Amino acid sequence: MNVPFVDLKRQYKVLKHEINPVIKRVLENTQYILGNEITQFEKEFADFCEVKYCVGVDSGTSALELSLKALGIGKGDEVITTSNTFIATAFAISLTGAKPVFVEVDPQTYNIDPEKIPEKITSRTKAIIPVHLYGQPAEMDEVVRIAKENDLHIVEDACQAHGAEYKGQKAGSFGDAGCFSFYPSKNLGAFGDGGAVVTNNKELADQIKMLRNYGQREKYHHQMLGYNKRLDTLQAAILRVKLKHLEVWNQKRRENAALYTKLLSDTKLVTPYVPDHVKPVYHLYVIRSAQRNKLQNHLKNNNVSTGIHYPVPIHLQEAYSSLGIEQGSFPITEQYANEVLSLPMYPELTEEQINFVVRQVKKFQTG
Ligand SMILES: *Cc1c(COP(=O)(O)O)cnc(C)c1O
């Protein structure tokens, strides 16, 4: 047996008969930029997230960057987030000219520790970006309370959390804006790059619509500096098909995660901690081991592909050496970077494959 880390081929095989006609429809219709497919997808994804508006953009990174820009954030401002995330969260802040300010994560959930936010707030702080890492919502009641008390915006990085819930409310619907990525391996993935911002704020949605499309509402009438950061129409059409399956896929991921956790419960490995009030969507299933590198190698030699999310905390990345943040500044984040290991996780994963992965893990534990 061979267990790949992600398996998009299996998904495409199942969806082929639904997706191929849709691709043909767009090709023949020749509306390749914006248009009806985009409007329809935006409506359907807003409904899925239980918000009023959605704006399709070209990536999750752009979703974050344009949200911050539309909120007026730029040079001289500070935005709070974690160092324990994908680099794009911080890049989006920096690309606006603002400065990322990191907060340590909660040792159990790996998400931003709300208790440690207030000490990082200054007169320049404009927003908080909680990341719903691995598909598990951050502690949003606390984040929302702190943001309100300090008059800060919230931009959620929900790039790994399509459909996740916190106290019954959808990830992405708590803040001023919720940002999603449709990178192929995400829970909702396009056949290329894509992203979206969801919001209940009409004015913000309008601003982002202009920003993504050369700063114009009406063709050749440019009201502001803008970008070319639109979601491709072809991708929107594909995403519309896939969105119909997302609920079932997420449920399958939760079942797969439950099986992993059950089978791994008699090992020393740390499995995901899930508070009762959250419903994660397991973009990734991440365990921790003090012997992570050896375990990963062992699995590789036994035909199990794994991933590390993420091996280098953002504050220690070369790209951020100018921030001058020393090693040791975020002990939990730094420790976890050496211990986390993502096991294969996707809806199409079979019980047989999960059993195989766990057997290989246990062989390492005892061998
Ligand atoms: C994938 C991801 C992004 C960036 O999305 P892209 O579509 O690749 O630009 C941002 N933040 C997190 C947490 C992600 O997982």
# chains A, B, ... in the order shown; residues from 1 in each chain; ligands from 1

call {"tool": "select_by_dssp", "arguments": {"residues": "segment 22-127 of chain A", "states": "helix (DSSP H, G or I)", "output": "ChimeraX atom specification"}}
result
/A:22-29,36-49,60-70,87-95,114-116,118-120

call {"tool": "closest_atom_pairs", "arguments": {"of": "segment 274-312 of chain A", "to": "segment 327-350 of chain A", "cutoff": "8 Å", "atoms": "only C-alpha atoms", "output": "JSON lines"}}
result
{"residue": "A:Tyr282", "atom": "CA", "partner": "A:Met345", "partner_atom": "CA", "distance": 7.6}
{"residue": "A:His283", "atom": "CA", "partner": "A:Met345", "partner_atom": "CA", "distance": 7.3}
{"residue": "A:Leu284", "atom": "CA", "partner": "A:Met345", "partner_atom": "CA", "distance": 6.1}
{"residue": "A:Tyr285", "atom": "CA", "partner": "A:Ser342", "partner_atom": "CA", "distance": 5.5}
{"residue": "A:Val286", "atom": "CA", "partner": "A:Ser342", "partner_atom": "CA", "distance": 4.3}
{"residue": "A:Ile287", "atom": "CA", "partner": "A:Leu341", "partner_atom": "CA", "distance": 5.4}
{"residue": "A:Arg288", "atom": "CA", "partner": "A:Val340", "partner_atom": "CA", "distance": 4.5}
{"residue": "A:Ser289", "atom": "CA", "partner": "A:Glu339", "partner_atom": "CA", "distance": 5.1}
{"residue": "A:Ala290", "atom": "CA", "partner": "A:Glu339", "partner_atom": "CA", "distance": 5.5}
{"residue": "A:Gln291", "atom": "CA", "partner": "A:Glu339", "partner_atom": "CA", "distance": 7.1}
{"residue": "A:Arg292", "atom": "CA", "partner": "A:Glu339", "partner_atom": "CA", "distance": 5.2}
{"residue": "A:Gln296", "atom": "CA", "partner": "A:Leu341", "partner_atom": "CA", "distance": 7.4}
{"residue": "A:Val304", "atom": "CA", "partner": "A:Pro344", "partner_atom": "CA", "distance": 7.8}
{"residue": "A:Ser305", "atom": "CA", "partner": "A:Pro344", "partner_atom": "CA", "distance": 6.8}
{"residue": "A:Thr306", "atom": "CA", "partner": "A:Leu343", "partner_atom": "CA", "distance": 5.1}
{"residue": "A:Gly307", "atom": "CA", "partner": "A:Ser342", "partner_atom": "CA", "distance": 4.9}
{"residue": "A:Ile308", "atom": "CA", "partner": "A:Leu341", "partner_atom": "CA", "distance": 5.1}
{"residue": "A:His309", "atom": "CA", "partner": "A:Val340", "partner_atom": "CA", "distance": 6.9}
{"residue": "A:Tyr310", "atom": "CA", "partner": "A:Ala337", "partner_atom": "CA", "distance": 5.9}
{"residue": "A:Pro311", "atom": "CA", "partner": "A:Ala337", "partner_atom": "CA", "distance": 4.9}
{"residue": "A:Val312", "atom": "CA", "partner": "A:Ala337", "partner_atom": "CA", "distance": 6.1}

call {"tool": "closest_residue", "arguments": {"among": "A:Gly60, A:Pro130, A:Pro100, A:Gly35", "to": "ligand 1", "atoms": "only C-alpha atoms and all ligand atoms"}}
result
A:Gly60

call {"tool": "residues_near_ligand", "arguments": {"ligand": "ligand 1", "cutoff": "10 Å", "atoms": "only C-alpha atoms and all ligand atoms", "output": "MDAnalysis selection string"}}
result
chainID A and resid 57:65 84:92 130:135 156:161 179:186 189:190 192:196 283:284 309

call {"tool": "closest_atom_pairs", "arguments": {"of": "segment 83-197 of chain A", "to": "segment 249-260 of chain A", "cutoff": "10 Å", "atoms": "only C-alpha atoms", "output": "tab-separated table"}}
result
residue	atom	partner	partner_atom	distance
A:Gly135	CA	A:Asn250	CA	9.9
A:Ala161	CA	A:Asn250	CA	9.8
A:His162	CA	A:Asn250	CA	8.7
A:Gly163	CA	A:Asn250	CA	7.6
A:Ala164	CA	A:Asn250	CA	8.5
A:Asn187	CA	A:Asn250	CA	7.4
A:Leu188	CA	A:Trp249	CA	9.2

call {"tool": "write_last_selection", "arguments": {"atoms": "N, CA and C atoms", "output": "PDB file, in the first residue's frame"}}
result
ATOM      1  N   GLY A 135      -7.890  24.175  10.139  1.00  0.00           N
ATOM      2  CA  GLY A 135      -9.340  24.014   9.996  1.00  0.00           C
ATOM      3  C   GLY A 135     -10.091  24.053  11.310  1.00  0.00           C
ATOM      4  N   ALA A 161     -10.201  26.781   6.624  1.00  0.00           N
ATOM      5  CA  ALA A 161     -11.356  26.509   7.497  1.00  0.00           C
ATOM      6  C   ALA A 161     -12.718  26.666   6.823  1.00  0.00           C
ATOM      7  N   HIS A 162     -12.816  26.333   5.551  1.00  0.00           N
ATOM      8  CA  HIS A 162     -14.096  26.423   4.835  1.00  0.00           C
ATOM      9  C   HIS A 162     -15.148  25.552   5.504  1.00  0.00           C
ATOM     10  N   GLY A 163     -16.119  26.176   6.141  1.00  0.00           N
ATOM     11  CA  GLY A 163     -17.212  25.402   6.742  1.00  0.00           C
ATOM     12  C   GLY A 163     -17.020  25.083   8.211  1.00  0.00           C
ATOM     13  N   ALA A 164     -15.878  25.417   8.788  1.00  0.00           N
ATOM     14  CA  ALA A 164     -15.652  25.155  10.219  1.00  0.00           C
ATOM     15  C   ALA A 164     -16.589  26.031  11.047  1.00  0.00           C
ATOM     16  N   ASN A 187      -9.685  22.557   1.504  1.00  0.00           N
ATOM     17  CA  ASN A 187     -10.939  21.772   1.603  1.00  0.00           C
ATOM     18  C   ASN A 187     -11.863  22.059   0.427  1.00  0.00           C
ATOM     19  N   LEU A 188     -11.905  23.313  -0.018  1.00  0.00           N
ATOM     20  CA  LEU A 188     -12.553  23.657  -1.280  1.00  0.00           C
ATOM     21  C   LEU A 188     -11.454  24.178  -2.199  1.00  0.00           C
TER      22      LEU A 188
END

call {"tool": "select_by_dssp", "arguments": {"residues": "segment 166-318 of chain A", "states": "strand (DSSP E)", "output": "VMD selection string"}}
result
chain A and resid 166 169 to 170 177 to 181 195 to 199 216 to 218 221 to 222 278 to 279 285 to 288

call {"tool": "residues_around", "arguments": {"residues": "Val105 of chain A", "least_positions_apart": "4", "cutoff": "7 Å", "atoms": "only C-alpha atoms", "output": "list in words"}}
result
Thr82, Tyr110, Asn111, Ile112, Asp113, Ile332 and Thr333 of chain A

call {"tool": "write_last_selection", "arguments": {"atoms": "N, CA and C atoms", "output": "short mmCIF file (atom, residue, chain, number, x, y, z; two decimals), in the first residue's frame"}}
result
data_model
loop_
_atom_site.label_atom_id
_atom_site.label_comp_id
_atom_site.auth_asym_id
_atom_site.auth_seq_id
_atom_site.Cartn_x
_atom_site.Cartn_y
_atom_site.Cartn_z
N THR A 82 -0.41 35.51 14.46
CA THR A 82 0.52 34.56 15.06
C THR A 82 1.68 34.28 14.11
N TYR A 110 -3.15 25.44 19.25
CA TYR A 110 -2.17 25.95 18.29
C TYR A 110 -2.63 27.27 17.64
N ASN A 111 -3.79 27.77 18.08
CA ASN A 111 -4.30 29.04 17.57
C ASN A 111 -3.92 30.19 18.50
N ILE A 112 -4.12 31.42 18.03
CA ILE A 112 -3.75 32.61 18.80
C ILE A 112 -4.28 32.52 20.24
N ASP A 113 -3.42 32.85 21.20
CA ASP A 113 -3.80 32.82 22.61
C ASP A 113 -4.37 34.20 22.97
N ILE A 332 6.52 28.29 22.44
CA ILE A 332 5.58 27.23 22.04
C ILE A 332 5.61 27.06 20.52
N THR A 333 5.50 28.18 19.83
CA THR A 333 5.55 28.15 18.36
C THR A 333 6.84 27.48 17.89
#

call {"tool": "atom_distance", "arguments": {"atom1": "atom CA of Phe356 of chain A", "atom2": "atom CA of Asn293 of chain A"}}
result
19.6 Å

call {"tool": "residues_around", "arguments": {"residues": "Leu234 of chain A", "least_positions_apart": "5", "cutoff": "7 Å", "atoms": "only C-alpha atoms", "output": "mmCIF file with N, CA and C atoms, in the first residue's frame"}}
result
data_model
loop_
_atom_site.group_PDB
_atom_site.id
_atom_site.type_symbol
_atom_site.label_atom_id
_atom_site.label_comp_id
_atom_site.auth_asym_id
_atom_site.auth_seq_id
_atom_site.Cartn_x
_atom_site.Cartn_y
_atom_site.Cartn_z
ATOM 1 N N ILE A 23 -16.732 22.977 -17.537
ATOM 2 C CA ILE A 23 -15.560 23.596 -18.168
ATOM 3 C C ILE A 23 -15.879 23.907 -19.637
ATOM 4 N N VAL A 26 -18.082 26.995 -20.004
ATOM 5 C CA VAL A 26 -17.365 28.276 -19.884
ATOM 6 C C VAL A 26 -16.545 28.531 -21.148
ATOM 7 N N TYR A 32 -14.712 34.881 -20.046
ATOM 8 C CA TYR A 32 -13.619 34.334 -19.249
ATOM 9 C C TYR A 32 -13.270 35.177 -18.027
#

call {"tool": "residues_around", "arguments": {"residues": "Ser173 of chain A", "least_positions_apart": "3", "cutoff": "8 Å", "atoms": "only C-alpha atoms", "output": "list in words"}}
result
Cys49, Glu50, Val51, Gln169, Lys170, Asp176, Ala177, Gly178, Val198, Thr199 and Asn200 of chain A

call {"tool": "write_last_selection", "arguments": {"atoms": "all heavy atoms", "output": "mmCIF file, in the first residue's frame"}}
result
data_model
loop_
_atom_site.group_PDB
_atom_site.id
_atom_site.type_symbol
_atom_site.label_atom_id
_atom_site.label_comp_id
_atom_site.auth_asym_id
_atom_site.auth_seq_id
_atom_site.Cartn_x
_atom_site.Cartn_y
_atom_site.Cartn_z
ATOM 1 N N CYS A 49 -21.248 30.382 3.850
ATOM 2 C CA CYS A 49 -20.585 30.965 5.029
ATOM 3 C C CYS A 49 -21.561 31.712 5.927
ATOM 4 O O CYS A 49 -21.170 32.250 6.964
ATOM 5 C CB CYS A 49 -19.460 31.912 4.601
ATOM 6 S SG CYS A 49 -18.121 31.087 3.735
ATOM 7 N N GLU A 50 -22.821 31.762 5.526
ATOM 8 C CA GLU A 50 -23.873 32.458 6.270
ATOM 9 C C GLU A 50 -23.535 33.932 6.489
ATOM 10 O O GLU A 50 -23.605 34.453 7.592
ATOM 11 C CB GLU A 50 -24.166 31.707 7.578
ATOM 12 C CG GLU A 50 -24.737 30.318 7.266
ATOM 13 C CD GLU A 50 -24.855 29.392 8.484
ATOM 14 O OE1 GLU A 50 -24.605 29.844 9.610
ATOM 15 O OE2 GLU A 50 -25.206 28.215 8.274
ATOM 16 N N VAL A 51 -23.123 34.571 5.398
ATOM 17 C CA VAL A 51 -22.867 36.015 5.383
ATOM 18 C C VAL A 51 -23.579 36.615 4.169
ATOM 19 O O VAL A 51 -24.075 35.886 3.305
ATOM 20 C CB VAL A 51 -21.361 36.359 5.293
ATOM 21 C CG1 VAL A 51 -20.599 35.829 6.486
ATOM 22 C CG2 VAL A 51 -20.776 35.829 3.994
ATOM 23 N N GLN A 169 -21.417 28.993 14.718
ATOM 24 C CA GLN A 169 -21.282 30.054 13.705
ATOM 25 C C GLN A 169 -20.094 29.756 12.785
ATOM 26 O O GLN A 169 -19.052 29.283 13.225
ATOM 27 C CB GLN A 169 -21.086 31.411 14.408
ATOM 28 C CG GLN A 169 -21.149 32.588 13.451
ATOM 29 C CD GLN A 169 -20.978 33.935 14.176
ATOM 30 O OE1 GLN A 169 -21.279 34.051 15.369
ATOM 31 N NE2 GLN A 169 -20.490 34.925 13.452
ATOM 32 N N LYS A 170 -20.290 30.049 11.500
ATOM 33 C CA LYS A 170 -19.290 29.698 10.495
ATOM 34 C C LYS A 170 -18.008 30.538 10.583
ATOM 35 O O LYS A 170 -18.070 31.769 10.761
ATOM 36 C CB LYS A 170 -19.868 29.885 9.087
ATOM 37 C CG LYS A 170 -20.903 28.826 8.709
ATOM 38 C CD LYS A 170 -20.249 27.518 8.285
ATOM 39 C CE LYS A 170 -21.217 26.375 8.128
ATOM 40 N NZ LYS A 170 -22.057 26.467 6.953
ATOM 41 N N ASP A 176 -14.697 41.642 10.397
ATOM 42 C CA ASP A 176 -15.078 42.571 9.330
ATOM 43 C C ASP A 176 -15.020 41.818 8.003
ATOM 44 O O ASP A 176 -15.827 42.066 7.113
ATOM 45 C CB ASP A 176 -14.097 43.746 9.278
ATOM 46 C CG ASP A 176 -14.130 44.548 10.559
ATOM 47 O OD1 ASP A 176 -13.474 44.122 11.539
ATOM 48 O OD2 ASP A 176 -14.832 45.565 10.592
ATOM 49 N N ALA A 177 -14.031 40.932 7.896
ATOM 50 C CA ALA A 177 -13.860 40.157 6.668
ATOM 51 C C ALA A 177 -13.337 38.765 7.005
ATOM 52 O O ALA A 177 -12.581 38.598 7.967
ATOM 53 C CB ALA A 177 -12.879 40.868 5.731
ATOM 54 N N GLY A 178 -13.753 37.783 6.210
ATOM 55 C CA GLY A 178 -13.241 36.416 6.343
ATOM 56 C C GLY A 178 -12.572 36.041 5.033
ATOM 57 O O GLY A 178 -13.142 36.233 3.958
ATOM 58 N N VAL A 198 -15.320 37.067 2.411
ATOM 59 C CA VAL A 198 -16.736 37.137 2.770
ATOM 60 C C VAL A 198 -16.908 38.201 3.845
ATOM 61 O O VAL A 198 -16.011 38.423 4.668
ATOM 62 C CB VAL A 198 -17.290 35.773 3.254
ATOM 63 C CG1 VAL A 198 -17.151 34.718 2.168
ATOM 64 C CG2 VAL A 198 -16.636 35.318 4.543
ATOM 65 N N THR A 199 -18.059 38.857 3.822
ATOM 66 C CA THR A 199 -18.305 39.953 4.765
ATOM 67 C C THR A 199 -19.801 40.266 4.832
ATOM 68 O O THR A 199 -20.552 39.935 3.913
ATOM 69 C CB THR A 199 -17.515 41.220 4.334
ATOM 70 O OG1 THR A 199 -17.788 42.281 5.265
ATOM 71 C CG2 THR A 199 -17.904 41.693 2.945
ATOM 72 N N ASN A 200 -20.195 40.902 5.943
ATOM 73 C CA ASN A 200 -21.569 41.405 6.039
ATOM 74 C C ASN A 200 -21.616 42.901 5.759
ATOM 75 O O ASN A 200 -22.668 43.519 5.870
ATOM 76 C CB ASN A 200 -22.142 41.113 7.435
ATOM 77 C CG ASN A 200 -22.530 39.650 7.571
ATOM 78 O OD1 ASN A 200 -23.217 39.097 6.711
ATOM 79 N ND2 ASN A 200 -22.084 39.015 8.634
#

call {"tool": "closest_residue", "arguments": {"among": "A:Pro114, A:Tyr273, A:Lys120, A:Ile33", "to": "Asp141 of chain A", "atoms": "only C-alpha atoms"}}
result
A:Pro114

call {"tool": "closest_residue", "arguments": {"among": "A:Lys116, A:Arg230, A:Arg124, A:Lys43", "to": "Gly76 of chain A", "atoms": "only C-alpha atoms"}}
result
A:Arg124

call {"tool": "residues_around", "arguments": {"residues": "Asn201 of chain A", "least_positions_apart": "3", "cutoff": "8 Å", "atoms": "only C-alpha atoms", "output": "list of chain:residue names"}}
result
A:Lys52, A:Tyr53, A:Asp176, A:Leu204, A:Ala205

call {"tool": "write_last_selection", "arguments": {"atoms": "C-alpha atoms", "output": "mmCIF file, in the first residue's frame"}}
result
data_model
loop_
_atom_site.group_PDB
_atom_site.id
_atom_site.type_symbol
_atom_site.label_atom_id
_atom_site.label_comp_id
_atom_site.auth_asym_id
_atom_site.auth_seq_id
_atom_site.Cartn_x
_atom_site.Cartn_y
_atom_site.Cartn_z
ATOM 1 C CA LYS A 52 -24.317 38.618 3.031
ATOM 2 C CA TYR A 53 -21.477 39.212 0.583
ATOM 3 C CA ASP A 176 -15.078 42.571 9.330
ATOM 4 C CA LEU A 204 -16.268 46.784 2.342
ATOM 5 C CA ALA A 205 -17.409 44.277 -0.297
#

call {"tool": "atom_distance", "arguments": {"atom1": "atom CA of Leu295 of chain A", "atom2": "atom CA of Arg359 of chain A"}}
result
12.5 Å

call {"tool": "closest_residue", "arguments": {"among": "A:Val3, A:Val101, A:Val14, A:Met210", "to": "Met224 of chain A", "atoms": "only C-alpha atoms"}}
result
A:Met210

call {"tool": "residues_around", "arguments": {"residues": "Lys75 of chain A", "least_positions_apart": "4", "cutoff": "7 Å", "atoms": "only C-alpha atoms", "output": "list in words"}}
result
Thr96, Gly97 and Ala98 of chain A

call {"tool": "closest_residue", "arguments": {"among": "A:Lys148, A:Lys242, A:Lys229, A:Lys167", "to": "Ile19 of chain A", "atoms": "only C-alpha atoms"}}
result
A:Lys242

call {"tool": "atom_distance", "arguments": {"atom1": "atom CA of Pro272 of chain A", "atom2": "atom CA of Val144 of chain A"}}
result
24.0 Å
